[in-house]
Amino acid sequence: MLTKRIIPCLDIKNGRTVKGVNFVDLRDAGDPVELAKQYAKLGADELVFLDISATLEGRKTMHEMVLKVAEHVNIPFTVGGGISSIKDVDDLLHCGADKVSINSSAVKRPELINELANKFGSQCVVVAIDAKQIDNEWIVHLAGGTQPTTLNLFDWAKDVEQRGAGEILFTSMNNDGTKSGFANAALAKLSKLVNIPVIASGGAGTIQHFADTFKEGKADAALAASVFHFGEIEILNLKRELKKQHIQVRL
Amino acid sequence: MKVVIIDYGAGNIKSIQFAFKRLGVDAQLSNNADVIKAADKVIFPGVGEASSAMFMLRQSGLDKLIPKLTQPVLGICLGMQLMCNYSEEGNTKGLGIFNANVKRFNKRVKVPQMGWNTIKALKSKLFKNINEGEFMYLVHSFYVEECAAQISTTNYDEDYASALQKNNFYGVQFHPEKSSVAGEQLLKNFLDL
């Protein structure tokens, strides 16, 4: 049976992981390759690297990082951040990325999704959607949730599916950073609406939150950052607990 | 040991090359018939769409070469699917090495299947030291129906053939290069054939 995936997300700036990462047995917690290898060993099913470099120089460093990760890590990984053209994607896939994640560039020019799916196949096109619930409506936001659009989450999700996205990474801006659980009602609706996998993001605080997002939120995968980086939740423990609750995981 | 990865412009082959590098083997990328024929082991990769991949194979004459190879050949993902008779994807005639057809997953399940699933009913040296029920990483919208050549099955909506073998030809639907320790074991086993 296909298992539910656990995905740590790493923010990368100029080729280094940012925010504190509190891993005891790492020689260099700022080295994305070290960290990725460690996560792969600990049972992560996939990894996401989000490039938050603002400069061209930073982007170049990202390519070197992707090459190194592909060389040393034996699980799949997605790269996101600042991707806006076929060439951007071609470069990253050539460096060994398995999938790319696009966000605001897809909102600004939705045809990009069609172009990428046609050229590289849907399997490597992840569309990330950040949305905030305002007056009972889920509104798609850009720029880390600071910039509202006129798009409704569910309409946009259906659109990206039809354009050829292979997967949707939905981050609830209401839940992100709160450690109070994922946006399960919206996730369940989303997961029922589209016929492609949905990754839940935003709100992970406890092991039970993951169990809930798989059971109630019908998510196919769950992504989190700080709870993993600071060792608050160990992936192996998390998966054992999920299995106890009859959720299929790779152990 | 000379390992050649057939390079016909289909998808991300860097990962496969790196996976062999982790095993201490420098795999060479090539679309040259002589280089491919001279290899000890041949990898036939493929990511993307079936009909355009077949088009590229025909353009380079590789469609004639591959079925005649005599050394162990491992088709991965779309590579394995193209080694079958026919694929529903793009209404594509395949290389006909495996007497099997490729179908699209039913809409009852999410398509593509993406993630880790188990392999069962293992029967080949390719699975030496790999347990029944081991997890492998898969990403695909089309699958090979159950057939005589199957050496493992996986369940997604229904049972399908997740690995095939006929004579010196092997195929795996999953990505051993992305399937952690178990995937590395499989690649090692292939090198040992």
# chains A, B, ... in the order shown; residues from 1 in each chain; ligands from 1
$ interface_residues --of "chain A" --to "chain B" --cutoff "9 Å" --atoms "only C-alpha atoms" --output "PyMOL selection string"
chain A and resi 1-5+40-41+45-46+67+70-76+93-98+118-123+166-167+194-197+220-221+249-251
$ residues_around --residues "Ile134 (chain A)" --least-positions-apart "4" --cutoff "10 Å" --atoms "only C-alpha atoms" --output "list in words"
Trp138, Ile139 and Asn174 of chain A
$ atom_distance --atom1 "CA of Val227 (chain A)" --atom2 "CA of Ser180 (chain A)"
11.9 Å
$ residues_around --residues "region 6-20 of chain A" --least-positions-apart "6" --cutoff "8 Å" --atoms "only C-alpha atoms" --output "VMD selection string"
chain A and resid 29 to 32 39 44 to 53 57 to 59 61 to 62 64 to 65 221 to 225 228 to 230 235
$ residues_around --residues "region 76-86 of chain B" --least-positions-apart "4" --cutoff "7 Å" --atoms "only C-alpha atoms" --output "number ranges by chain"
B: 44-47, 50, 92-102, 144, 171-175
$ select_by_dssp --residues "region 38-67 of chain B" --states "alpha helix (DSSP H)" --output "VMD selection string"
chain B and resid 50 to 59 62 to 65
$ write_last_selection --atoms "C-alpha atoms" --output "PDB file, in the first residue's frame"
ATOM      1  CA  ALA B  50       5.973   7.480 -23.662  1.00  0.00           C
ATOM      2  CA  SER B  51       5.314   8.523 -27.276  1.00  0.00           C
ATOM      3  CA  SER B  52       7.906  11.321 -27.292  1.00  0.00           C
ATOM      4  CA  ALA B  53      10.447   9.013 -25.625  1.00  0.00           C
ATOM      5  CA  MET B  54       9.812   6.352 -28.308  1.00  0.00           C
ATOM      6  CA  PHE B  55      10.165   9.046 -30.963  1.00  0.00           C
ATOM      7  CA  MET B  56      13.609   9.941 -29.606  1.00  0.00           C
ATOM      8  CA  LEU B  57      14.617   6.266 -29.513  1.00  0.00           C
ATOM      9  CA  ARG B  58      13.556   5.759 -33.126  1.00  0.00           C
ATOM     10  CA  GLN B  59      15.377   8.886 -34.270  1.00  0.00           C
ATOM     11  CA  LEU B  62      18.191   2.844 -30.368  1.00  0.00           C
ATOM     12  CA  ASP B  63      14.802   1.148 -30.784  1.00  0.00           C
ATOM     13  CA  LYS B  64      16.508  -1.433 -33.013  1.00  0.00           C
ATOM     14  CA  LEU B  65      19.609  -1.752 -30.853  1.00  0.00           C
TER      15      LEU B  65
END
$ residues_around --residues "region 83-89 of chain A" --least-positions-apart "3" --cutoff "7 Å" --atoms "only C-alpha atoms" --output "list in words"
Gly80, Leu92, Leu93, Val100, Ile102, Ser105 and Leu116 of chain A
$ write_last_selection --atoms "C-alpha atoms" --output "compact mmCIF listing (two decimals), in the first residue's frame"
# COMPACT_ATOMS: atom_id res chain seq x y z
CA GLY A 80 11.59 25.58 -4.69
CA LEU A 92 17.71 22.35 -11.52
CA LEU A 93 16.66 18.99 -12.99
CA VAL A 100 10.59 21.61 -8.56
CA ILE A 102 6.63 26.84 -8.16
CA SER A 105 5.40 32.56 -10.81
CA LEU A 116 6.62 22.67 -17.46
$ select_by_dssp --residues "region 192-247 of chain A" --states "strand (DSSP E or B)" --output "JSON, numbers by chain"
{"A": [198, 199, 200, 201, 221, 222, 223, 224]}
$ residues_around --residues "Lys103 (chain B)" --least-positions-apart "4" --cutoff "6 Å" --atoms "only C-alpha atoms" --output "list in words"
Glu88, Phe142 and Tyr143 of chain B
